[in-house]
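Read the structure below first, then the notes.
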Amino acid sequence: MTPPTPEPPEAAEQEFRPVDEQVALVLESAVRPRPVRVAISEAQGLLCAEEVVAEHALPGFDQAAVDGYAVRSVDVRPVEDEPVQLPVVGEIPAGSRQPRRLQPGQAVRVATGAPLPTLADAVVPISFTDGHPANVTVHRSVPSAAYVRRTGEDVQIGDVAVRQGDTIGSAQVGLLAAVGRSKVLVYPRPRVSIVSVGDELVDIDRTPSVGQVYDVNSYALAAAARDAGAEVSRVGIVPSEPKRLREVVEGRLLMSEVVVVAGGAGGSAGDEVHAALSDLGRIDMSRVAMHPGSAQGFGRLGPDSVPTFLLPANPMSALVVFEVLIRPLIRAARGTRNPHRRIVSARLLSPLASAKGRKGFLRGQLLRDENTGEYLVQPLGTSGAHLLASLAEANCLVNVDEDLTEVPAGEQVRVTFLAQRV
């Protein structure tokens with residue numbers, strides 16, 4: 001069991017804000033973007049912002065559910081004793097707009113989806129007949145309404161086809177099309193801008209010199225924001241020169257619902273970022289009782305009070321802070337009823353250590369016992385905040401309470417899902 005990475009000496013002297021308080025503070029700032037009307041082909045994955053009331057019935061007319069013969073059910077009832085033969089007086093293909101009338105003792109050949117002729121109340125499948133095109137012999141009777149899709153059977157005029165707050169998936173898109181809606185009012189994805197600050201950073205299309213590192217944060221955080229359902233602008237690397245940094249962030253505040261500045265918290269670099277942005281609004285730099293990622297900043301900047309985060313330069317810490325605080329904010333801004341990830345109880349397979357006085361969010365691999373259905377979790381790597389590779393292997397975060405520094409194997413722990421299924 002590897003001990004957690006120690007905090008700088010000054011961290012021990014500061015008071016820490018509980019994680020739950022910080023989450024509540026952040027979620028209070030969630031603002032849902034104004035609804036917009038979009039084509040249904042562009043609505044997938046968005047939340048519906050209106051009650052879509054059907055103006056057309058679905059189906060819009062009585063139609064054949066199978067290929068066969070439209071009949072009056074009373075004309076085929078004697079079939080139980082002996083087959084019935086009916087003259088075939090016509091054929092109706094799917095899409096036909098020419099009305100037909102069925103006379104007693106007659107049959108009309110119909111294709112699946114074809115409108116039923118007047119007086120017909122049932123369809124005899126071809127497999128129940130000899131399939132003759134002129135005089136069909138029916139071997140099995142059918143009751144009234146058999147193999148018929150009745151008008152309004154699926155949706156009637158005035159029914160709510162898609163409800164406000166529903167996520168529009170493929171089925172909802174299909175239903176909107178089926179009731180004749182080409183556009184729908186939706187809540188757009190919150191716009192999130194990702195900025196990286198650091199003189200040591202280079203973009204991934206360049207070769208780092210001695211002392212330089214690739215800009216990981218803007219790519220990783222942009223991917224995390226997209227996964228949360230945001231429309232993302234990856235601004236990339238911005239010089240730490242105060243005037244330029246302020247100009248960039250101020251511009252992003254005008255076109256974003258959330259702004260994230262990676263490299264803006266912790267150490268002297270974080271102090272400089274804080275100072276450069278302080279005249280845009282108050283930024284609270286209180287340390288949060290979590291590990292990793294206790295050094296962070298949060299404020300509501302600009303004329304629209306846009307939620308703005310200053311995250312550690314460390315990619316591992318930045319991603320954990322995103323998971324705990326920013327992802328729920330994005331989900332809340334989208335209108336998601338429960339913005340938090342799923343949490344389950346799991347049995348710890350190996351002991352782990354956590355930082356004293358802070359809630360741990362430690363990387364883990366969540367498994368499930370095929371025989372018992374019990375969740376099991378294997379801690380990954382050490383608790384070092386700089387270790388990104390083990391986060392790529394993780395499918396969960398192990399939550400360790402603030403009053404625990406060690407958890408032995410076999411104990412039950414709370415685990416936050418990072419993957420959709422385990």
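Identifiers in the structure tokens: chain A, B, ... in order shown; residue index from 1 per chain; ligand index from 1 in order shown.
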
Which residues of range 134-245 of chain A sit at most 10 Å from range 68-72 of chain A, using only C-alpha atoms? Give each one's shortest atom pair and distance in Å (one decimal place), in chain and ascending residue order, as a Markdown table.
```
| residue | atom | partner | partner_atom | distance |
| --- | --- | --- | --- | --- |
| A:Val136 | CA | A:Tyr69 | CA | 8.7 |
| A:Val138 | CA | A:Tyr69 | CA | 9.4 |
| A:Val142 | CA | A:Arg72 | CA | 9.4 |
| A:Pro143 | CA | A:Arg72 | CA | 9.2 |
| A:Ser144 | CA | A:Arg72 | CA | 7.7 |
| A:Ala145 | CA | A:Arg72 | CA | 9.6 |
| A:Tyr147 | CA | A:Gly68 | CA | 9.2 |
| A:Val148 | CA | A:Ala70 | CA | 9.2 |
```

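CA of Thr118 in chain A is positioned 16.2 Å from CA of Ala65 in chain A.
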
Query raised in the report: Which neighbours of Leu175 in chain A fall inside 9 Å, counting only C-alpha atoms, when residues of the same chain fewer than 6 positions from it are skipped, and could you give them as a PyMOL selection string?
Result: chain A and resi 161-162+181

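Counting only C-alpha atoms, Pro33 in chain A has the following residues at most 8 Å away, ignoring those fewer than 5 positions along the same chain: A:Tyr187, A:Pro188, A:Arg189, A:Pro190, A:Glu257, A:Ala333, A:Arg334.
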
Could those selected residues go to a file with N, CA, C and O atoms, as a CSV table (one decimal), in the first residue's frame?
```
chain,number,residue,atom,x,y,z
A,187,TYR,N,-33.2,22.1,-25.7
A,187,TYR,CA,-32.2,22.9,-24.9
A,187,TYR,C,-30.8,22.5,-25.6
A,187,TYR,O,-30.4,21.4,-25.6
A,188,PRO,N,-30.1,23.5,-26.1
A,188,PRO,CA,-28.8,23.3,-26.7
A,188,PRO,C,-27.8,22.8,-25.7
A,188,PRO,O,-28.0,23.0,-24.5
A,189,ARG,N,-26.7,22.2,-26.2
A,189,ARG,CA,-25.7,21.8,-25.3
A,189,ARG,C,-25.0,23.0,-24.7
A,189,ARG,O,-24.7,24.0,-25.4
A,190,PRO,N,-24.7,23.0,-23.4
A,190,PRO,CA,-23.9,24.1,-22.8
A,190,PRO,C,-22.6,24.3,-23.5
A,190,PRO,O,-21.9,23.3,-23.8
A,257,GLU,N,-21.1,29.0,-21.6
A,257,GLU,CA,-21.8,28.8,-20.3
A,257,GLU,C,-20.9,28.3,-19.2
A,257,GLU,O,-21.2,28.4,-18.0
A,333,ALA,N,-26.7,21.9,-16.3
A,333,ALA,CA,-27.0,23.0,-17.3
A,333,ALA,C,-27.8,22.4,-18.5
A,333,ALA,O,-28.6,23.1,-19.2
A,334,ARG,N,-27.6,21.2,-18.8
A,334,ARG,CA,-28.3,20.5,-19.9
A,334,ARG,C,-29.8,20.2,-19.4
A,334,ARG,O,-30.6,19.9,-20.3
```

Pick out each residue of range 229-301 of chain A that DSSP on the backbone tags as helix (DSSP H, G or I); I need them as a CSV table (one decimal) with N, CA and C atoms, in the first residue's frame.
```
chain,number,residue,atom,x,y,z
A,242,PRO,N,-0.3,38.4,-18.4
A,242,PRO,CA,-1.6,38.7,-17.8
A,242,PRO,C,-2.6,39.4,-18.8
A,243,LYS,N,-2.1,40.3,-19.5
A,243,LYS,CA,-3.0,41.0,-20.4
A,243,LYS,C,-3.6,40.1,-21.5
A,244,ARG,N,-2.8,39.3,-22.1
A,244,ARG,CA,-3.2,38.4,-23.1
A,244,ARG,C,-4.2,37.3,-22.6
A,245,LEU,N,-3.8,36.8,-21.4
A,245,LEU,CA,-4.7,35.8,-20.8
A,245,LEU,C,-6.0,36.4,-20.4
A,246,ARG,N,-6.0,37.6,-19.9
A,246,ARG,CA,-7.3,38.2,-19.6
A,246,ARG,C,-8.2,38.4,-20.8
A,247,GLU,N,-7.5,38.9,-21.9
A,247,GLU,CA,-8.3,39.1,-23.1
A,247,GLU,C,-8.9,37.9,-23.7
A,248,VAL,N,-8.2,36.7,-23.6
A,248,VAL,CA,-8.7,35.5,-24.1
A,248,VAL,C,-9.9,35.0,-23.3
A,249,VAL,N,-9.7,35.0,-21.9
A,249,VAL,CA,-10.8,34.5,-21.1
A,249,VAL,C,-12.0,35.5,-21.2
A,250,GLU,N,-11.8,36.8,-21.2
A,250,GLU,CA,-12.9,37.7,-21.3
A,250,GLU,C,-13.7,37.4,-22.6
A,251,GLY,N,-13.0,37.1,-23.7
A,251,GLY,CA,-13.7,36.8,-24.9
A,251,GLY,C,-14.5,35.5,-24.8
A,252,ARG,N,-13.9,34.5,-24.1
A,252,ARG,CA,-14.6,33.2,-24.0
A,252,ARG,C,-15.9,33.4,-23.1
A,253,LEU,N,-15.8,34.3,-22.2
A,253,LEU,CA,-17.0,34.5,-21.3
A,253,LEU,C,-18.2,35.0,-22.1
A,267,GLY,N,0.4,26.9,-6.6
A,267,GLY,CA,1.8,27.5,-6.8
A,267,GLY,C,1.7,29.0,-7.3
A,268,SER,N,2.9,29.5,-7.6
A,268,SER,CA,3.0,30.9,-8.1
A,268,SER,C,2.3,31.1,-9.4
A,269,ALA,N,2.3,30.1,-10.3
A,269,ALA,CA,1.7,30.2,-11.6
A,269,ALA,C,0.2,30.4,-11.4
A,270,GLY,N,-0.4,29.7,-10.4
A,270,GLY,CA,-1.8,29.9,-10.1
A,270,GLY,C,-2.1,31.2,-9.6
A,271,ASP,N,-1.2,31.8,-8.7
A,271,ASP,CA,-1.4,33.1,-8.2
A,271,ASP,C,-1.4,34.1,-9.3
A,272,GLU,N,-0.6,34.0,-10.3
A,272,GLU,CA,-0.5,34.9,-11.4
A,272,GLU,C,-1.8,34.9,-12.2
A,273,VAL,N,-2.3,33.7,-12.5
A,273,VAL,CA,-3.5,33.5,-13.2
A,273,VAL,C,-4.7,34.2,-12.5
A,274,HIS,N,-4.7,33.9,-11.2
A,274,HIS,CA,-5.8,34.5,-10.4
A,274,HIS,C,-5.8,36.0,-10.4
A,275,ALA,N,-4.6,36.6,-10.3
A,275,ALA,CA,-4.4,38.0,-10.3
A,275,ALA,C,-4.8,38.6,-11.7
A,276,ALA,N,-4.5,37.9,-12.8
A,276,ALA,CA,-4.8,38.4,-14.1
A,276,ALA,C,-6.3,38.4,-14.4
A,277,LEU,N,-7.0,37.5,-13.7
A,277,LEU,CA,-8.5,37.4,-14.0
A,277,LEU,C,-9.4,38.0,-12.9
A,278,SER,N,-8.7,38.5,-11.9
A,278,SER,CA,-9.5,39.0,-10.7
A,278,SER,C,-10.4,40.1,-11.0
A,279,ASP,N,-10.1,41.0,-12.0
A,279,ASP,CA,-11.0,42.1,-12.2
A,279,ASP,C,-12.1,41.8,-13.1
A,280,LEU,N,-12.2,40.5,-13.5
A,280,LEU,CA,-13.4,40.0,-14.3
A,280,LEU,C,-14.5,39.5,-13.3
```

Requested in this report: Compile the contact shell of Ile330 in chain A as a ChimeraX atom specification: residues with an atom at most 9 Å away, counting only C-alpha atoms, same-chain residues fewer than 3 positions apart removed.
Outcome: /A:30,189-192,225,228-230,257-258,326-327,333-336,339

Put those residues in a file: all heavy atoms, as a CSV table (one decimal), in the first residue's frame.
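The result, stored in again-v1.csv:
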```
chain,number,residue,atom,x,y,z
A,30,ALA,N,-25.4,26.8,-12.1
A,30,ALA,CA,-25.9,26.2,-13.4
A,30,ALA,C,-27.0,27.0,-14.1
A,30,ALA,O,-28.0,27.3,-13.4
A,30,ALA,CB,-26.3,24.7,-13.2
A,189,ARG,N,-26.7,22.2,-26.2
A,189,ARG,CA,-25.7,21.8,-25.3
A,189,ARG,C,-25.0,23.0,-24.7
A,189,ARG,O,-24.7,24.0,-25.4
A,189,ARG,CB,-24.6,21.0,-26.1
A,189,ARG,CG,-25.2,19.6,-26.5
A,189,ARG,CD,-24.1,18.8,-27.3
A,189,ARG,NE,-24.6,17.5,-27.6
A,189,ARG,CZ,-25.3,17.2,-28.7
A,189,ARG,NH1,-25.7,18.2,-29.5
A,189,ARG,NH2,-25.7,16.0,-28.9
A,190,PRO,N,-24.7,23.0,-23.4
A,190,PRO,CA,-23.9,24.1,-22.8
A,190,PRO,C,-22.6,24.3,-23.5
A,190,PRO,O,-21.9,23.3,-23.8
A,190,PRO,CB,-23.7,23.7,-21.4
A,190,PRO,CG,-24.7,22.6,-21.1
A,190,PRO,CD,-24.9,21.9,-22.4
A,191,ARG,N,-22.2,25.5,-23.8
A,191,ARG,CA,-20.9,25.8,-24.5
A,191,ARG,C,-19.8,25.9,-23.4
A,191,ARG,O,-19.9,26.7,-22.5
A,191,ARG,CB,-21.0,27.1,-25.3
A,191,ARG,CG,-22.1,27.0,-26.4
A,191,ARG,CD,-22.3,28.4,-26.9
A,191,ARG,NE,-22.9,29.3,-25.9
A,191,ARG,CZ,-23.1,30.6,-26.0
A,191,ARG,NH1,-22.8,31.2,-27.2
A,191,ARG,NH2,-23.6,31.3,-25.1
A,192,VAL,N,-18.8,25.1,-23.6
A,192,VAL,CA,-17.7,25.0,-22.6
A,192,VAL,C,-16.4,25.4,-23.4
A,192,VAL,O,-16.1,24.8,-24.4
A,192,VAL,CB,-17.6,23.6,-22.0
A,192,VAL,CG1,-16.4,23.6,-21.1
A,192,VAL,CG2,-18.8,23.3,-21.2
A,225,ALA,N,-15.5,17.0,-21.4
A,225,ALA,CA,-16.7,17.9,-21.5
A,225,ALA,C,-17.6,17.4,-22.6
A,225,ALA,O,-18.9,17.5,-22.5
A,225,ALA,CB,-16.2,19.3,-21.8
A,228,ALA,N,-19.6,14.7,-21.3
A,228,ALA,CA,-20.7,15.2,-20.4
A,228,ALA,C,-21.9,15.8,-21.2
A,228,ALA,O,-22.9,16.1,-20.5
A,228,ALA,CB,-20.1,16.2,-19.4
A,229,GLY,N,-21.7,16.0,-22.5
A,229,GLY,CA,-22.8,16.5,-23.3
A,229,GLY,C,-22.7,18.0,-23.6
A,229,GLY,O,-23.6,18.6,-24.0
A,230,ALA,N,-21.4,18.5,-23.6
A,230,ALA,CA,-21.2,19.9,-23.9
A,230,ALA,C,-20.8,20.1,-25.3
A,230,ALA,O,-20.3,19.2,-26.0
A,230,ALA,CB,-20.1,20.5,-23.0
A,257,GLU,N,-21.1,29.0,-21.6
A,257,GLU,CA,-21.8,28.8,-20.3
A,257,GLU,C,-20.9,28.3,-19.2
A,257,GLU,O,-21.2,28.4,-18.0
A,257,GLU,CB,-22.9,27.8,-20.5
A,257,GLU,CG,-24.2,28.3,-21.1
A,257,GLU,CD,-24.1,28.7,-22.5
A,257,GLU,OE1,-23.7,27.8,-23.3
A,257,GLU,OE2,-24.5,29.8,-22.9
A,258,VAL,N,-19.7,27.8,-19.6
A,258,VAL,CA,-18.7,27.4,-18.6
A,258,VAL,C,-17.3,27.7,-19.2
A,258,VAL,O,-17.1,27.4,-20.4
A,258,VAL,CB,-18.8,25.9,-18.3
A,258,VAL,CG1,-17.7,25.5,-17.3
A,258,VAL,CG2,-20.2,25.5,-17.7
A,326,ILE,N,-17.2,19.7,-12.4
A,326,ILE,CA,-17.6,20.4,-13.6
A,326,ILE,C,-18.6,19.5,-14.4
A,326,ILE,O,-19.5,20.0,-15.0
A,326,ILE,CB,-16.4,20.7,-14.5
A,326,ILE,CG1,-15.4,21.6,-13.7
A,326,ILE,CG2,-16.8,21.5,-15.7
A,326,ILE,CD1,-14.1,21.9,-14.4
A,327,ARG,N,-18.4,18.2,-14.4
A,327,ARG,CA,-19.3,17.3,-15.1
A,327,ARG,C,-20.7,17.5,-14.6
A,327,ARG,O,-21.7,17.6,-15.4
A,327,ARG,CB,-18.8,15.9,-15.1
A,327,ARG,CG,-19.6,14.9,-16.0
A,327,ARG,CD,-19.1,13.5,-15.9
A,327,ARG,NE,-19.6,12.7,-17.0
A,327,ARG,CZ,-20.8,12.2,-17.1
A,327,ARG,NH1,-21.7,12.3,-16.1
A,327,ARG,NH2,-21.2,11.5,-18.1
A,333,ALA,N,-26.7,21.9,-16.3
A,333,ALA,CA,-27.0,23.0,-17.3
A,333,ALA,C,-27.8,22.4,-18.5
A,333,ALA,O,-28.6,23.1,-19.2
A,333,ALA,CB,-25.7,23.7,-17.8
A,334,ARG,N,-27.6,21.2,-18.8
A,334,ARG,CA,-28.3,20.5,-19.9
A,334,ARG,C,-29.8,20.2,-19.4
A,334,ARG,O,-30.6,19.9,-20.3
A,334,ARG,CB,-27.7,19.2,-20.2
A,334,ARG,CG,-26.4,19.3,-21.0
A,334,ARG,CD,-26.0,18.0,-21.7
A,334,ARG,NE,-27.1,17.7,-22.7
A,334,ARG,CZ,-27.2,16.5,-23.2
A,334,ARG,NH1,-26.5,15.5,-22.8
A,334,ARG,NH2,-28.2,16.3,-24.1
A,335,GLY,N,-30.0,20.2,-18.1
A,335,GLY,CA,-31.4,19.9,-17.6
A,335,GLY,C,-31.5,18.5,-17.2
A,335,GLY,O,-32.7,18.0,-17.0
A,336,THR,N,-30.4,17.8,-17.1
A,336,THR,CA,-30.5,16.4,-16.6
A,336,THR,C,-31.0,16.3,-15.2
A,336,THR,O,-30.6,17.0,-14.4
A,336,THR,CB,-29.1,15.7,-16.7
A,336,THR,OG1,-28.5,15.9,-18.0
A,336,THR,CG2,-29.2,14.2,-16.4
A,339,PRO,N,-27.7,15.0,-12.1
A,339,PRO,CA,-26.5,15.3,-12.9
A,339,PRO,C,-25.3,14.4,-12.5
A,339,PRO,O,-24.2,14.5,-13.1
A,339,PRO,CB,-26.2,16.7,-12.5
A,339,PRO,CG,-26.8,16.9,-11.2
A,339,PRO,CD,-28.0,16.0,-11.2
```

Query raised in the report: Within 12 Å of Val123 in chain A, counting only C-alpha atoms, which residues qualify if same-chain residues fewer than 3 places away don't, as number ranges by chain?
Result: A: 62-76, 107-117, 119-120, 126-129, 138, 140-150

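A straight line drawn from CA of Gly158 in chain A to CA of Gly180 in chain A is 13.3 Å long.
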
Query raised in the report: Could you write out, as a PyMOL selection string, all the residues of range 77-142 of chain A that DSSP marks as strand (DSSP E)?
Result: chain A and resi 84-92+107-110+122-125+135-138

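Using only C-alpha atoms for every distance, the candidate list A:Val260, A:Val202, A:Val160, A:Val400 yields A:Val260 as the residue closest to Leu221 in chain A.
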